[in-house]
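J.: One file: data_20.cif (mmCIF, C-alpha atoms).
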data_my_file
loop_
_atom_site.label_atom_id
_atom_site.label_comp_id
_atom_site.auth_asym_id
_atom_site.auth_seq_id
_atom_site.Cartn_x
_atom_site.Cartn_y
_atom_site.Cartn_z
CA MET A 66 14.63 6.56 -4.70
CA ARG A 67 13.97 6.61 -1.00
CA ARG A 68 14.39 9.19 1.71
CA VAL A 69 14.69 8.72 5.43
CA TRP A 70 11.47 9.47 7.24
CA LEU A 71 12.51 12.63 9.01
CA VAL A 72 9.39 13.24 11.02
CA VAL A 73 8.92 11.33 14.27
CA ILE A 74 5.47 9.80 14.34
CA ALA A 75 5.15 10.22 18.09
CA LEU A 76 5.54 13.98 17.71
CA LEU A 77 3.01 14.08 14.90
CA SER A 78 0.57 12.09 16.99
CA ALA A 79 0.99 14.40 19.93
CA THR A 80 0.57 17.60 17.97
CA GLY A 81 -1.78 16.44 15.24
CA VAL A 82 -0.07 18.92 12.92
CA ILE A 83 1.83 18.22 9.71
CA ALA A 84 3.46 21.27 8.24
CA GLY A 85 2.42 22.08 4.70
CA CYS A 86 -0.55 19.65 4.65
CA ALA A 87 -4.04 20.94 4.16
CA GLY A 88 -6.71 19.63 6.49
CA PRO A 89 -8.84 16.69 5.34
CA PRO A 90 -12.07 17.39 3.49
CA ASP A 91 -15.41 17.10 5.23
CA LEU A 92 -16.78 14.74 2.59
CA ASN A 93 -16.02 11.06 2.27
CA PRO A 94 -13.17 10.79 -0.28
CA VAL A 95 -14.65 7.63 -1.81
CA GLN A 96 -18.38 7.98 -2.28
CA VAL A 97 -19.33 4.81 -4.16
CA THR A 98 -17.73 1.63 -5.40
CA ALA A 99 -16.20 2.05 -8.87
CA PRO A 100 -18.14 0.51 -11.79
CA ASP A 101 -15.43 -2.10 -12.37
CA GLY A 102 -15.66 -3.37 -8.79
CA ARG A 103 -12.12 -2.33 -7.94
CA GLY A 104 -11.15 -0.03 -5.11
CA ALA A 105 -12.66 0.61 -1.70
CA ILE A 106 -16.14 -0.83 -1.41
CA ARG A 107 -18.79 1.78 -0.61
CA PRO A 108 -21.17 2.07 1.09
CA LEU A 109 -20.21 -0.03 4.10
CA PRO A 110 -22.56 -1.06 6.88
CA GLU A 111 -22.14 0.45 10.32
CA PRO A 112 -19.75 -1.74 12.30
CA THR A 113 -21.19 -3.89 15.06
CA GLY A 114 -19.74 -5.92 17.90
CA CYS A 115 -17.35 -3.15 18.93
CA THR A 116 -15.34 -3.76 22.08
CA ILE A 117 -14.02 -0.17 21.94
CA THR A 118 -15.28 2.83 19.94
CA ALA A 119 -13.14 5.88 19.10
CA THR A 120 -14.71 9.09 17.80
CA ASP A 121 -12.04 11.72 18.48
CA ALA A 122 -8.27 12.06 18.81
CA GLN A 123 -8.17 11.34 22.53
CA SER A 124 -10.30 8.20 22.35
CA LEU A 125 -8.38 7.01 19.26
CA ASP A 126 -5.07 7.26 21.11
CA ALA A 127 -6.55 5.47 24.10
CA ALA A 128 -7.97 2.69 21.95
CA MET A 129 -4.70 2.12 20.10
CA SER A 130 -2.72 2.13 23.37
CA ALA A 131 -5.07 -0.42 24.95
CA ALA A 132 -5.39 -2.67 21.88
CA ALA A 133 -5.21 -6.37 22.74
CA PRO A 134 -5.87 -9.71 21.05
CA GLY A 135 -9.49 -10.33 20.17
CA GLN A 136 -10.57 -6.69 20.25
CA ARG A 137 -12.77 -5.13 17.59
CA ILE A 138 -11.97 -1.42 17.66
CA CYS A 139 -14.47 0.77 15.83
CA VAL A 140 -13.25 4.17 14.61
CA LEU A 141 -16.01 6.53 13.54
CA GLY A 142 -16.29 10.11 12.33
CA THR A 143 -13.69 12.62 11.17
CA ILE A 144 -10.54 12.50 13.27
CA GLY A 145 -8.64 14.57 10.76
CA ASN A 146 -5.86 15.77 13.04
CA LYS A 147 -4.68 12.36 14.26
CA ARG A 148 -2.77 9.49 12.66
CA LEU A 149 -3.98 6.02 13.56
CA ILE A 150 -0.94 4.24 15.02
CA LEU A 151 -1.30 0.62 16.12
CA SER A 152 1.74 -1.09 17.64
CA ALA A 153 0.04 -4.08 19.29
CA SER A 154 -0.45 -7.61 17.95
CA GLY A 155 -3.29 -10.04 17.91
CA THR A 156 -2.94 -13.80 17.64
CA ALA A 157 -4.01 -16.30 15.01
CA GLU A 158 -6.97 -17.28 17.18
CA HIS A 159 -7.73 -13.76 18.38
CA PRO A 160 -6.71 -11.09 15.81
CA ILE A 161 -7.22 -7.37 16.30
CA ALA A 162 -9.71 -5.65 13.99
CA VAL A 163 -9.84 -1.88 13.46
CA VAL A 164 -12.96 -1.03 11.51
CA GLY A 165 -14.68 2.07 10.20
CA ASN A 166 -17.85 2.66 8.25
CA GLY A 167 -16.19 3.88 5.04
CA ARG A 168 -16.71 7.50 6.09
CA THR A 169 -14.10 7.43 8.87
CA ILE A 170 -11.23 9.88 8.27
CA VAL A 171 -7.86 9.88 10.03
CA ARG A 172 -4.56 11.60 9.21
CA GLY A 173 -2.77 8.47 8.02
CA ILE A 174 -2.36 4.87 9.25
CA THR A 175 0.67 3.08 10.70
CA VAL A 176 0.50 -0.59 11.71
CA GLU A 177 3.40 -2.39 13.39
CA GLY A 178 2.18 -5.76 14.60
CA ASN A 179 0.82 -9.16 13.65
CA HIS A 180 -2.65 -10.62 13.07
CA ILE A 181 -4.38 -7.31 12.38
CA THR A 182 -7.18 -6.20 10.05
CA ILE A 183 -7.80 -2.58 9.01
CA ASP A 184 -11.16 -2.16 7.28
CA GLY A 185 -13.12 0.87 6.08
CA ILE A 186 -10.72 3.65 7.18
CA ASN A 187 -9.78 6.70 5.06
CA ALA A 188 -6.22 8.03 5.52
CA VAL A 189 -6.46 11.59 4.18
CA SER A 190 -3.71 14.24 3.84
CA GLY A 191 -1.37 12.31 6.12
CA TRP A 192 2.40 12.33 6.27
CA ALA A 193 3.59 9.90 3.60
CA PRO A 194 3.37 7.03 3.31
CA GLY A 195 -0.32 7.58 3.86
CA ILE A 196 -0.57 3.95 5.04
CA GLU A 197 2.36 1.85 6.29
CA LEU A 198 2.03 -1.83 7.25
CA THR A 199 4.83 -3.77 8.98
CA GLY A 200 4.27 -7.25 10.36
CA ASP A 201 2.80 -10.64 9.59
CA ASN A 202 -0.79 -11.63 8.84
CA ILE A 203 -2.06 -8.11 8.19
CA THR A 204 -5.13 -7.38 6.06
CA LEU A 205 -5.93 -3.92 4.66
CA ARG A 206 -9.28 -3.65 2.91
CA ASN A 207 -11.96 -1.17 1.92
CA SER A 208 -9.66 1.67 2.95
CA THR A 209 -8.06 4.65 1.22
CA SER A 210 -4.85 6.65 1.12
CA ILE A 211 -5.66 10.05 -0.34
CA SER A 212 -3.20 12.93 -0.92
CA PRO A 213 -0.28 11.77 1.24
CA ARG A 214 2.40 14.43 1.56
CA GLY A 215 6.01 14.63 2.75
CA ASP A 216 8.86 12.10 2.72
CA ASP A 217 8.76 10.32 -0.68
CA GLN A 218 5.00 10.96 -1.11
CA ASP A 219 4.12 7.23 -1.35
CA GLY A 220 0.53 6.12 -0.92
CA LEU A 221 1.24 2.76 0.77
CA ARG A 222 4.29 0.87 2.00
CA PHE A 223 4.21 -2.73 3.22
CA PHE A 224 6.69 -5.12 4.84
CA GLY A 225 6.15 -8.63 6.18
CA ASN A 226 4.60 -12.04 5.55
CA ASN A 227 1.08 -13.13 4.69
CA LEU A 228 -0.25 -9.70 3.80
CA GLU A 229 -3.56 -9.02 2.02
CA ILE A 230 -4.13 -5.61 0.42
CA VAL A 231 -7.56 -5.82 -1.18
CA HIS A 232 -10.27 -3.40 -2.33
CA ASN A 233 -8.46 -0.17 -1.44
CA THR A 234 -8.22 3.18 -3.25
CA ILE A 235 -5.00 5.23 -3.39
CA ARG A 236 -5.22 8.64 -5.05
CA ASP A 237 -3.39 11.92 -5.65
CA VAL A 238 0.19 10.72 -5.16
CA LEU A 239 2.47 13.46 -6.50
CA ASN A 240 6.17 14.11 -7.12
CA LEU A 241 6.40 17.15 -4.87
CA ASN A 242 9.74 18.48 -3.60
CA LEU A 243 11.79 16.05 -5.71
CA ALA A 244 9.93 13.03 -4.36
CA HIS A 245 9.50 9.73 -6.23
CA ALA A 246 5.83 9.11 -5.51
CA ASP A 247 4.49 5.58 -6.02
CA CYS A 248 1.11 4.09 -5.29
CA MET A 249 2.61 1.11 -3.42
CA GLN A 250 6.16 0.24 -2.43
CA THR A 251 8.13 -2.37 -0.54
CA PHE A 252 11.86 -2.85 -0.02
CA ALA A 253 14.14 -4.84 2.28
CA THR A 254 16.79 -2.66 3.86
CA GLY A 255 16.95 -3.92 7.44
CA PRO A 256 15.04 -5.15 10.51
CA GLY A 257 12.48 -2.36 10.31
CA ASN A 258 11.86 -3.01 6.62
CA PRO A 259 12.13 -6.79 6.20
CA ALA A 260 11.77 -8.77 3.01
CA SER A 261 8.16 -9.66 2.24
CA GLN A 262 6.66 -13.05 1.35
CA HIS A 263 3.16 -14.29 0.50
CA VAL A 264 1.64 -10.94 -0.37
CA ARG A 265 -1.65 -10.61 -2.25
CA ILE A 266 -2.54 -7.22 -3.75
CA SER A 267 -5.85 -7.40 -5.57
CA ASP A 268 -8.90 -5.37 -6.60
CA ASN A 269 -7.34 -2.00 -5.74
CA ARG A 270 -7.42 1.34 -7.58
CA CYS A 271 -4.32 3.53 -7.98
CA GLU A 272 -5.54 6.86 -9.36
CA GLN A 273 -3.60 10.03 -10.25
CA ILE A 274 -0.22 8.46 -9.44
CA GLU A 275 2.82 10.27 -10.82
CA ASN A 276 5.13 7.25 -10.73
CA GLN A 277 4.50 3.51 -10.45
CA CYS A 278 1.57 1.42 -9.35
CA LEU A 279 3.99 -0.88 -7.51
CA ILE A 280 7.73 -0.86 -6.96
CA ALA A 281 9.06 -3.90 -5.11
CA GLU A 282 12.74 -4.35 -4.23
CA GLY A 283 14.23 -7.40 -2.55
CA PRO A 284 17.13 -7.67 -0.09
CA ASN A 285 19.67 -7.83 -2.93
CA SER A 286 18.16 -5.04 -4.99
CA SER A 287 20.16 -3.20 -7.61
CA ALA A 288 19.72 -0.01 -5.58
CA GLY A 289 22.56 -1.33 -3.41
CA ASP A 290 20.94 -0.57 -0.06
CA GLY A 291 19.29 -3.94 0.59
CA SER A 292 19.91 -5.92 3.75
CA GLY A 293 21.04 -9.06 1.93
CA GLU A 294 18.88 -11.07 4.36
CA GLY A 295 16.01 -13.34 3.39
CA GLU A 296 14.13 -13.16 0.11
CA SER A 297 11.15 -11.31 -1.29
CA THR A 298 8.91 -13.89 -2.92
CA ASP A 299 5.36 -15.02 -3.73
CA LEU A 300 3.78 -11.69 -4.62
CA VAL A 301 0.41 -11.70 -6.39
CA PHE A 302 -0.73 -8.49 -8.10
CA ALA A 303 -4.13 -9.16 -9.61
CA ASN A 304 -7.18 -7.27 -10.91
CA ASN A 305 -5.89 -3.81 -9.99
CA TYR A 306 -6.47 -0.48 -11.77
CA CYS A 307 -3.29 1.52 -12.45
CA ASP A 308 -3.39 5.17 -13.53
CA THR A 309 0.35 5.78 -13.33
CA HIS A 310 2.90 7.86 -15.23
CA ALA A 311 6.42 6.42 -14.95
CA GLY A 312 8.50 4.30 -17.33
CA GLN A 313 6.43 1.28 -16.24
CA ALA A 314 3.45 0.52 -14.04
CA ILE A 315 5.17 -2.23 -12.03
CA GLN A 316 8.88 -2.54 -11.29
CA LEU A 317 10.27 -5.73 -9.73
CA ASP A 318 13.89 -5.89 -8.57
CA ASP A 319 15.07 -9.11 -6.90
CA ILE A 320 11.49 -10.38 -6.44
CA GLN A 321 10.94 -14.09 -7.07
CA HIS A 322 7.65 -15.84 -7.96
CA ALA A 323 5.64 -12.71 -8.77
CA THR A 324 2.29 -13.21 -10.51
CA ILE A 325 0.80 -10.26 -12.42
CA THR A 326 -2.65 -11.01 -13.84
CA ASP A 327 -5.84 -9.30 -15.00
CA ASN A 328 -4.77 -5.74 -14.23
CA ASP A 329 -5.90 -2.64 -16.11
CA ILE A 330 -2.96 -0.36 -17.01
CA VAL A 331 -4.70 2.73 -18.35
CA SER A 332 -1.90 5.26 -18.98
CA VAL A 333 0.67 5.52 -21.77
CA GLN A 334 4.09 4.31 -20.61
CA GLU A 335 7.21 2.86 -22.18
CA LYS A 336 6.28 -0.60 -20.89
CA ALA A 337 3.81 -2.12 -18.47
CA PHE A 338 5.93 -4.46 -16.33
CA SER A 339 9.64 -4.56 -15.48
CA PHE A 340 11.52 -7.62 -14.18
CA GLN A 341 15.18 -7.18 -13.28
CA ASN A 342 17.99 -8.48 -11.08
CA GLU A 343 16.98 -12.14 -10.78
CA SER A 344 13.26 -11.52 -10.52
CA THR A 345 12.74 -15.12 -11.63
CA ASN A 346 9.69 -17.38 -12.02
CA GLY A 347 7.40 -14.51 -12.89
CA VAL A 348 3.95 -15.02 -14.40
CA VAL A 349 2.18 -12.41 -16.57
CA ALA A 350 -1.26 -13.05 -18.06
CA GLY A 351 -4.62 -11.49 -18.87
CA ASN A 352 -3.69 -7.84 -18.37
CA LYS A 353 -5.44 -5.02 -20.23
CA LEU A 354 -3.07 -2.33 -21.50
CA ASN A 355 -3.44 1.16 -22.91
CA PRO A 356 -2.69 0.72 -26.64
CA GLY A 357 -0.06 3.46 -26.40
CA ILE A 358 2.17 1.36 -24.13
CA GLY A 359 5.35 0.42 -26.01
CA TYR A 360 5.62 -3.22 -24.88
CA GLN A 361 4.14 -5.32 -22.13
CA VAL A 362 7.17 -6.88 -20.40
CA GLY A 363 10.68 -5.55 -19.98
CA MET A 364 13.13 -8.13 -18.65
CA ASP A 365 16.83 -8.74 -18.24
CA ASP A 366 18.50 -12.10 -18.83
CA THR A 367 18.84 -12.87 -15.12
CA SER A 368 15.06 -12.83 -14.71
CA LEU A 369 14.21 -15.18 -17.60
CA PRO A 370 14.45 -18.52 -15.70
CA GLY A 371 10.98 -19.86 -14.98
CA TYR A 372 9.18 -16.96 -16.63
CA GLN A 373 5.68 -17.58 -18.07
CA GLY A 374 4.00 -14.92 -20.14
CA PRO A 375 4.24 -12.85 -23.32
CA PRO A 376 7.74 -12.58 -24.81
CA PRO A 377 9.74 -9.71 -23.32
CA GLY A 378 9.66 -6.76 -25.64
CA GLY A 379 12.74 -4.94 -24.42
CA LYS A 380 14.84 -3.96 -21.46
CA PRO A 381 13.43 -3.64 -17.92
#
So, in terms of C-alpha cells, how does the structure I just supplied come out?

T.:
Amino acid sequence: MRRVWLVVIALLSATGVIAGCAGPPDLNPVQVTAPDGRGAIRPLPEPTGCTITATDAQSLDAAMSAAAPGQRICVLGTIGNKRLILSASGTAEHPIAVVGNGRTIVRGITVEGNHITIDGINAVSGWAPGIELTGDNITLRNSTSISPRGDDQDGLRFFGNNLEIVHNTIRDVLNLNLAHADCMQTFATGPGNPASQHVRISDNRCEQIENQCLIAEGPNSSAGDGSGEGESTDLVFANNYCDTHAGQAIQLDDIQHATITDNDIVSVQEKAFSFQNESTNGVVAGNKLNPGIGYQVGMDDTSLPGYQGPPPGGKP
C-alpha cells in the first residue's frame, strides 16, 4: 500500500514544523554499537577535513544549497526542526560527502542526486519516509531513521542504481492512521521512483517495525501501478537484523537476482521471505529464523526459475 506524499518538502523546510510530530529527543538515539555488530556504528570520531560546517537550520540550508562536487559537508549538533535536503550531485572523481559525528540530529533526510555519501546522521521524528534516497551511486551508512511519522510511516525508501545502505538503524516504524509501515521500501512507478539495480543492504538493524523489513516492487509489480519501464535487479540483503511483524520479513514482487543471506529474523511470522511475480534467480542461504516462523520461503511458480535455496514451504 502506498499513499501520495501530501506534504511539500519545501514548505516543511521553510517552517521546520510537522503537524502531529513530537520534537526530537535531546539524547543521541543510538548510543552504542549493537553487540552483534549490526546497525549504526557508535561512537564515531569527530569529522575532519570539512569544507563547510552546519550547526543550525540556517547554515544547514545554506550548505545544502551550495553543495558541489568534492565538498565534505559536516553537520553537527541538534538541528531538530530542519530536514536535510540535498538536491545536488557529485561526480565519480569528486563525490559529495555529508557527515556527522553520530550525535547529529535532523528532522529527516532527502537525497536527490548522484555520487553522494551520507554518514553519521540521525533522522529523528521526521515526516515519513524518515530517509529517502533517489539517484545513482549513493551510500548511506552509520545513520538512523527513528520514529518517522506521516504518509505511509516508512523508515527508508530508495530508488536508483549502485546504492549501498550499510550499518544503519531504523526504529519505531508504526501503522498509524491506516499506514502500512515498513522498515525499507522501493518501487518503480515512474521517473521520480525509478527501478533500482545493484543495491546492497547489509549490516542494518530494523527494530520495532510493524510491517516488513523490506518490501521491493519492480516496474511490473502485481500492485498494478508500476511504470513498466526497466527492471529491478541485483539486490543483496545480507547480515541484517529484522524485528518485524507482518506476514513475512521480506517481500519481493518482480525483483530479479535477489540474494538474501545471513540475516536474523527474530519475530514470529507466517514465513520469512516471499518471492512472487517473476522474482526469478533468487538466492536464500544462511539466515537465522525465529523457530515460530511457519516456513522460510514462500514462492509462486513464476519465481522458481533459477532459484537457489531451501525448498519453498508454501505460497508467497

J.: Would you list the contacts of segment 117-129 of chain A as a list in words, taking every protein, DNA or RNA residue within 6 Å and counting all atoms listed in the file, but skipping same-chain residues closer than 5 positions in sequence?

T.: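 The filter keeps Ile138, Cys139, Val140, Leu141, Gly142, Ile144, Lys147 and Leu151 of chain A.
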
J.: Restricting it to C-alpha atoms, dump the selection as a PDB file, in the frame of the given file.

T.:
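Okay, result_8.pdb is ready:
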ATOM      1  CA  ILE A 138     -11.970  -1.420  17.660  1.00  0.00           C
ATOM      2  CA  CYS A 139     -14.470   0.770  15.830  1.00  0.00           C
ATOM      3  CA  VAL A 140     -13.250   4.170  14.610  1.00  0.00           C
ATOM      4  CA  LEU A 141     -16.010   6.530  13.540  1.00  0.00           C
ATOM      5  CA  GLY A 142     -16.290  10.110  12.330  1.00  0.00           C
ATOM      6  CA  ILE A 144     -10.540  12.500  13.270  1.00  0.00           C
ATOM      7  CA  LYS A 147      -4.680  12.360  14.260  1.00  0.00           C
ATOM      8  CA  LEU A 151      -1.300   0.620  16.120  1.00  0.00           C
TER       9      LEU A 151
END

J.: Considering all atoms listed in the file, can you say which of A:His159, A:Lys353, A:Gln313, A:Gly295 comes closest to Gly255 of chain A?

T.: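 Closest residue, counting all atoms listed in the file: A:Gly295.
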
J.: Using atom CA of Val333 of chain A and atom CA of Arg236 of chain A as the two end points, give the distance in Å to one decimal.

T.: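 Going from atom CA of Val333 of chain A over to atom CA of Arg236 of chain A covers 18.0 Å.
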
J.: Nearest to Arg222 of chain A: which of A:Ser267, A:Thr309, A:Thr175, A:Ser190 is it, counting only C-alpha atoms?

T.: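 The shortest atom-to-atom distance to Arg222 of chain A comes from A:Thr175.
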
J.: Separation of atom CA of Gly225 of chain A and atom CA of Gly257 of chain A, in Å?

T.: 9.8 Å
